[in-house]
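The block underneath contains the structure these notes are about, expressed in structure tokens.
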Amino acid sequence: MSLVFVTSCSSTNDYEIFAKIQGHVTDYQTGEPLQNASVTLSPLGLSKQTDSNGFYQFEGLDAQQYTVTVQKLDYQPNRKTVTAISGEIQQVDIQLTIIPKK
């Protein structure tokens, strides 16, 4: 009786060639997560809504510079610029300040 061992070597690399940008949107004063804030990624013009934890994520991005802009009713918009790097996740947390009532 002879034994045969079969092994497999994958010739493809499992390297991630795209970048991710993700983060949380919170209230500046309370630190509470802001649900349903609109998060826009420029120059692509992609938009997402934050979930119940204030979380958002953009995946499959090319390595380049982006601007993350966040807006929510009754809050002042805020934005941050970030450079996405292939194979990495850029954490971009943004705080919004409530618009003072007059």
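Letters for chains follow the order of the structure tokens (A, B, ...), residue numbers begin at 1 for each chain, and ligand numbers begin at 1 in the order shown.
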
Selection: 7 Å around Thr83 of chain A, only C-alpha atoms, excl. self and same-chain fewer than 4 positions, as a PDB file with N, CA and C atoms, in the first residue's frame:
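Once written, selection16.pdb looks like this:
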ATOM      1  N   GLN A  64      -5.260  57.312  -2.648  1.00  0.00           N
ATOM      2  CA  GLN A  64      -5.199  58.731  -3.017  1.00  0.00           C
ATOM      3  C   GLN A  64      -5.739  59.543  -1.850  1.00  0.00           C
ATOM      4  N   GLN A  65      -5.796  60.843  -2.037  1.00  0.00           N
ATOM      5  CA  GLN A  65      -6.316  61.725  -0.985  1.00  0.00           C
ATOM      6  C   GLN A  65      -7.822  61.912  -1.162  1.00  0.00           C
ATOM      7  N   TYR A  66      -8.538  61.843  -0.032  1.00  0.00           N
ATOM      8  CA  TYR A  66      -9.989  62.014  -0.024  1.00  0.00           C
ATOM      9  C   TYR A  66     -10.380  63.041   1.029  1.00  0.00           C
TER      10      TYR A  66
END

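Across the model, the gap from atom CA of Lys80 of chain A to atom CA of Thr40 of chain A is 10.8 Å.
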
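Near Glu88 of chain A, within a cut-off of 12 Å and counting only C-alpha atoms, sit the residues Tyr15, Glu16, Ile17, Phe18, Ala19, Lys20, Ile21, Gln22, Glu59, Gly60, Leu61, Asp62, Ala63 and Thr83 of chain A, with same-chain residues fewer than 5 positions away left out.
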
* To do: For Asn78 of chain A, please output as a list in words all residues within 12 Å (counting only C-alpha atoms; exclusion window: fewer than 5 positions along the same chain).
  => Val25, Thr26, Asp27, Tyr28, Ala37, Ser38, Val39, Thr40, Thr67, Val68, Thr69, Val70, Gln71, Lys72, Val92, Asp93, Ile94, Gln95, Leu96, Thr97 and Ile98 of chain A

* Asked: How far is it from atom CA of Gln35 of chain A to atom CA of Asn53 of chain A, in Å with one decimal?
  -> 6.5 Å

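Residues in contact with Ser52 of chain A at up to 8 Å, not including ones fewer than 5 positions away on its chain and judged by only C-alpha atoms, are Pro33, Leu34, Gln35 and Asn36 of chain A.
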
* **Backbone DSSP call of strand (DSSP E) for chain A, listed as number ranges by chain** => A: 19-27, 38-42, 46-49, 55-61, 65-71, 78-83, 89-91, 94-96

Same residues, N, CA and C atoms, saved as a short mmCIF file (atom, residue, chain, number, x, y, z; two decimals), in the first residue's frame:
data_model
loop_
_atom_site.label_atom_id
_atom_site.label_comp_id
_atom_site.auth_asym_id
_atom_site.auth_seq_id
_atom_site.Cartn_x
_atom_site.Cartn_y
_atom_site.Cartn_z
N ALA A 19 -7.94 50.30 -0.47
CA ALA A 19 -7.92 50.93 0.86
C ALA A 19 -9.34 51.01 1.40
N LYS A 20 -9.43 51.22 2.72
CA LYS A 20 -10.71 51.45 3.38
C LYS A 20 -10.60 52.71 4.22
N ILE A 21 -11.70 53.44 4.28
CA ILE A 21 -11.83 54.58 5.18
C ILE A 21 -13.06 54.32 6.02
N GLN A 22 -12.89 54.39 7.32
CA GLN A 22 -14.01 54.14 8.22
C GLN A 22 -13.88 55.02 9.45
N GLY A 23 -14.96 55.13 10.19
CA GLY A 23 -14.90 55.91 11.41
C GLY A 23 -16.24 56.02 12.10
N HIS A 24 -16.24 56.81 13.14
CA HIS A 24 -17.45 57.06 13.92
C HIS A 24 -17.74 58.56 13.92
N VAL A 25 -19.02 58.89 13.87
CA VAL A 25 -19.47 60.28 13.96
C VAL A 25 -20.15 60.43 15.32
N THR A 26 -19.68 61.42 16.09
CA THR A 26 -20.20 61.63 17.43
C THR A 26 -20.53 63.09 17.68
N ASP A 27 -21.34 63.31 18.71
CA ASP A 27 -21.67 64.65 19.18
C ASP A 27 -20.48 65.20 19.95
N SER A 38 -25.08 61.98 7.35
CA SER A 38 -24.70 61.77 5.96
C SER A 38 -23.19 61.96 5.83
N VAL A 39 -22.50 60.93 5.34
CA VAL A 39 -21.04 60.97 5.17
C VAL A 39 -20.76 60.89 3.67
N THR A 40 -20.08 61.90 3.14
CA THR A 40 -19.76 61.96 1.71
C THR A 40 -18.26 61.90 1.51
N LEU A 41 -17.85 61.09 0.53
CA LEU A 41 -16.43 60.92 0.21
C LEU A 41 -16.14 61.59 -1.12
N SER A 42 -15.31 62.63 -1.09
CA SER A 42 -14.93 63.35 -2.32
C SER A 42 -13.48 63.00 -2.65
N LEU A 46 -19.28 59.54 -3.27
CA LEU A 46 -19.99 58.44 -2.61
C LEU A 46 -20.59 58.93 -1.30
N SER A 47 -21.78 58.43 -0.96
CA SER A 47 -22.42 58.82 0.30
C SER A 47 -22.89 57.59 1.06
N LYS A 48 -22.81 57.69 2.37
CA LYS A 48 -23.30 56.64 3.27
C LYS A 48 -24.00 57.32 4.43
N GLN A 49 -24.83 56.57 5.12
CA GLN A 49 -25.47 57.02 6.36
C GLN A 49 -24.82 56.26 7.51
N PHE A 55 -21.30 54.62 13.04
CA PHE A 55 -20.22 54.05 12.23
C PHE A 55 -20.52 54.16 10.73
N TYR A 56 -19.46 54.39 9.95
CA TYR A 56 -19.54 54.37 8.49
C TYR A 56 -18.27 53.71 7.95
N GLN A 57 -18.34 53.25 6.69
CA GLN A 57 -17.17 52.63 6.06
C GLN A 57 -17.29 52.72 4.55
N PHE A 58 -16.17 53.09 3.92
CA PHE A 58 -16.04 53.06 2.47
C PHE A 58 -14.94 52.05 2.15
N GLU A 59 -15.23 51.10 1.25
CA GLU A 59 -14.28 50.03 0.92
C GLU A 59 -13.92 50.07 -0.56
N GLY A 60 -12.85 49.37 -0.91
CA GLY A 60 -12.46 49.23 -2.31
C GLY A 60 -11.97 50.51 -2.93
N LEU A 61 -11.30 51.34 -2.14
CA LEU A 61 -10.86 52.65 -2.62
C LEU A 61 -9.45 52.60 -3.20
N GLN A 65 -5.80 60.84 -2.04
CA GLN A 65 -6.32 61.72 -0.98
C GLN A 65 -7.82 61.91 -1.16
N TYR A 66 -8.54 61.84 -0.03
CA TYR A 66 -9.99 62.01 -0.02
C TYR A 66 -10.38 63.04 1.03
N THR A 67 -11.56 63.62 0.85
CA THR A 67 -12.16 64.47 1.86
C THR A 67 -13.43 63.81 2.34
N VAL A 68 -13.52 63.62 3.65
CA VAL A 68 -14.71 63.03 4.28
C VAL A 68 -15.51 64.20 4.86
N THR A 69 -16.74 64.37 4.39
CA THR A 69 -17.61 65.45 4.85
C THR A 69 -18.83 64.84 5.53
N VAL A 70 -19.14 65.33 6.73
CA VAL A 70 -20.27 64.80 7.50
C VAL A 70 -21.27 65.92 7.74
N GLN A 71 -22.56 65.59 7.52
CA GLN A 71 -23.64 66.54 7.76
C GLN A 71 -24.78 65.83 8.48
N ASN A 78 -18.90 69.12 9.17
CA ASN A 78 -17.48 69.02 9.48
C ASN A 78 -16.83 68.15 8.42
N ARG A 79 -15.53 68.38 8.19
CA ARG A 79 -14.82 67.59 7.18
C ARG A 79 -13.38 67.36 7.60
N LYS A 80 -12.84 66.27 7.08
CA LYS A 80 -11.43 65.94 7.30
C LYS A 80 -10.87 65.41 6.00
N THR A 81 -9.58 65.68 5.79
CA THR A 81 -8.87 65.16 4.63
C THR A 81 -8.00 64.00 5.09
N VAL A 82 -7.99 62.93 4.27
CA VAL A 82 -7.25 61.73 4.63
C VAL A 82 -6.61 61.16 3.37
N THR A 83 -5.44 60.56 3.55
CA THR A 83 -4.79 59.87 2.44
C THR A 83 -4.99 58.37 2.63
N ILE A 89 -6.50 50.40 6.53
CA ILE A 89 -7.75 51.01 6.94
C ILE A 89 -7.41 52.34 7.61
N GLN A 90 -7.95 53.41 7.09
CA GLN A 90 -7.77 54.73 7.70
C GLN A 90 -8.96 55.02 8.60
N GLN A 91 -8.71 55.24 9.86
CA GLN A 91 -9.76 55.54 10.84
C GLN A 91 -9.95 57.06 10.88
N ILE A 94 -15.11 61.68 13.34
CA ILE A 94 -15.49 63.09 13.18
C ILE A 94 -16.54 63.45 14.22
N GLN A 95 -16.34 64.61 14.84
CA GLN A 95 -17.30 65.12 15.82
C GLN A 95 -18.07 66.28 15.18
N LEU A 96 -19.36 66.34 15.50
CA LEU A 96 -20.20 67.44 15.03
C LEU A 96 -20.67 68.27 16.22
#
